[in-house]
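Chemist: Attaching a single structure in C-alpha cells format; questions to follow.
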Amino acid sequence: MKDKVVLVTGANGGLGKCITETLLEAGAIVAGVSRKIQQSDFSNTRFNPFPGDLSSGAGADKVVGNVVAQLGRLDVVVHTVGGFAGGKAIAETDDAILDRMLDLNFKNAFYLMRAAIPQLRKSGSGRFIAIASRAAVEPGPGVGAYGASKAALVSLVKTAAAENGNAGMTANAILPGTIDTPANRQSDPNADFSKWVQPSNVASMVVWLANDSGKDMNGAVIPIYGNL
C-alpha cells in the first residue's frame with residue numbers, strides 16, 4: 001500500500017476511522033472524506049482531510065476533483081458511508097424512509113463511483129471497495145428499505161466490476177453483520193458485543209483487497225458476519 005492514494009468516505013466514522021488508521025499503518029496516503037473532517041482527526045502526516053458532500057453528482061465530482069488536484073491521482077476508493085432505518089414491515093414503511101435509505105446507501109455510492117471510475121481506470125490497478133451489509137443478501141423482517149438499498153449497492157459494485165476489469169480495475173463489496181462500533185453499542189446496549197464483527201477485521205479485508213494481493217478478486221461479495 002506504500003504511497004497509494006486511497007479515498008475513504010466516512011473516514012472519521014465508527015468503521016471508517018479504523019479503516020483509515022489501518023490504511024495509514026500500511027503506508028497509504030489517505031484522503032479522508034466526510035461532511036465534517038479535519039487534519040487533527042488523525043495524527044499521521046499521510047492523512048489529508050477533504051470535507052465534502054456526496055449527496056449529489058456535483059458534490060461527488062468536486063470531492064474527487066479536489067483529491068486528484070491535491071494528491072495527483074486516485075488509486076483506491078473505500079466507501080463506508082451509509083445509514084440504517086428499520087423496525088417496520090414493508091406495508092408500514094413510508095416514502096421518507098425509503099427515500100432516505102436509497103439516498104444514503106445507493107445514490108451516494110453511485111455518484112461517487114461515477115466520479116471516481118475514470119481516475120481508477122487511469123491508475124491501471126484501481127480498486128473500489130464498498131461496505132454493504134449482510135441484509136443485502138440475507139434480509140430479515142423489518143429491514144425492507146434498508147436491505148433493498150444495500151442490495152442495490154451490491155448490484156452496482158458487480159456492474160462496475162464487469163465494466164472496468166479491462167482497465168485492471170476491480171470492484172468488490174464487503175458484507176458485514178452488526179459491527180462493534182460505539183453507535184451500535186449505544187443503540188443495543190444489552191447485546192453480546194463479543195459476537196459482533198470487529199472493525200479491525202473489516203479493515204484488514206479492505207487492505208487485502210486494496211493491495212496487489214486482491215487483484216484477482218473482482219465482483220466479489222464477501223461475508224463477514226461475526227458469530228450471530
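Letters A, B, ... mark the chains of the C-alpha cells in the order given; residue numbers begin at 1 per chain; ligand numbers begin at 1, in order shown.
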Can you list, as a list of chain:residue names, every protein, DNA or RNA residue that comes within 9 Å of Arg73 of chain A when you count only C-alpha atoms, leaving out same-chain residues fewer than 6 positions away?

Modeler: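 Near Arg73 of chain A, the qualifying residues are A:Lys4, A:Val5, A:Val67, A:Gln119, A:Leu120, A:Lys122, A:Ser123.
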
Chemist: Could you make a table, as CSV, of the residues of segment 12-83 of chain A that have an atom within 12 Å of an atom of segment 138-151 of chain A, each with its nearest atom pair and distance in Å to one decimal, counting only C-alpha atoms, in chain and number order?

Modeler:
```
residue,atom,partner,partner_atom,distance
A:Thr80,CA,A:Lys150,CA,11.9
A:Val81,CA,A:Lys150,CA,11.5
A:Gly82,CA,A:Lys150,CA,9.0
A:Gly83,CA,A:Tyr146,CA,8.1
```

Chemist: Apply DSSP to the structure's backbone, then extract all residues of segment 128-202 of chain A labelled strand (DSSP E) and return them as a PyMOL selection string.

Modeler: chain A and resi 128-131+170-176

Chemist: To one decimal in Å, tell me the separation between atom CA of Val197 of chain A and atom CA of Asp180 of chain A.

Modeler: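 Going from atom CA of Val197 of chain A over to atom CA of Asp180 of chain A covers 5.8 Å.
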
Chemist: For the atom pair atom CA of Val78 of chain A and atom CA of Asn227 of chain A, what is the interatomic distance in Å to one decimal place?

Modeler: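 Atom CA of Asn227 of chain A lies 24.7 Å from atom CA of Val78 of chain A.
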
Chemist: Between A:Glu92, A:Asp103, A:Asp75, A:Glu163, which is the closest to Phe128 of chain A once you count only C-alpha atoms?

Modeler: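 Between A:Glu92, A:Asp103, A:Asp75, A:Glu163, the residue approaching Phe128 of chain A most closely is A:Asp75.
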
Chemist: Of the candidates A:Gly168, A:Gly57, A:Gly14, A:Gly27, which shows the shortest atom-to-atom distance to Gln198 of chain A, using only C-alpha atoms?

Modeler: A:Gly14

Chemist: Once DSSP has gone over the backbone, tell me which residues of segment 7-146 of chain A are in helix (DSSP H, G or I), as a ChimeraX atom specification.

Modeler: /A:14-25,39-41,57-71,90-92,95-123,134-136,144-146

Chemist: Atom CA of Phe50 of chain A and atom CA of Leu23 of chain A, how far apart in Å?

Modeler: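 Atom CA of Phe50 of chain A lies at a distance of 16.5 Å from atom CA of Leu23 of chain A.
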
Chemist: For Asp216 of chain A, work out the shell of residues within 10 Å, counting only C-alpha atoms and skipping chain neighbours fewer than 4 positions away, then give it as a PyMOL selection string.

Modeler: chain A and resi 168+170+209+212+220

Chemist: Kindly export the residues of the current selection with C-alpha atoms, as a CSV table (one decimal), in the first residue's frame.

Modeler:
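Result saved to again28.csv:
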```csv
chain,number,residue,atom,x,y,z
A,168,GLY,CA,-7.1,-3.5,-14.4
A,170,THR,CA,-11.6,-4.2,-9.5
A,209,LEU,CA,-8.5,-6.1,-1.4
A,212,ASP,CA,-1.8,-6.3,-5.0
A,220,ALA,CA,-16.9,-10.5,-5.1
```

Chemist: For Leu54 of chain A, which residue out of A:Ala115, A:Ile97, A:Ala135, A:Ile19 is the nearest one, using only C-alpha atoms?

Modeler: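 Using only C-alpha atoms, the shortest distance to Leu54 of chain A belongs to A:Ala115.
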
Chemist: Here is a test: counting only C-alpha atoms, which residue of A:Met113, A:Leu74, A:Val33, A:Met169 is nearest to Ala130 of chain A?

Modeler: A:Met113

Chemist: Find, counting only C-alpha atoms, the residue in A:Pro223, A:Pro182, A:Pro118, A:Gly52 that gets nearest to Val137 of chain A.

Modeler: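 When distances to Val137 of chain A are compared using only C-alpha atoms, the smallest one comes from A:Pro223.
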
Chemist: Residues at most 10 Å from Gly214 of chain A, counting only C-alpha atoms, excluding those fewer than 5 positions away in the same chain, as a list in words?

Modeler: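 Contacts, in chain order: Arg127, Thr170, Asn172, Met205, Val206, Val207, Trp208 and Leu209 of chain A.
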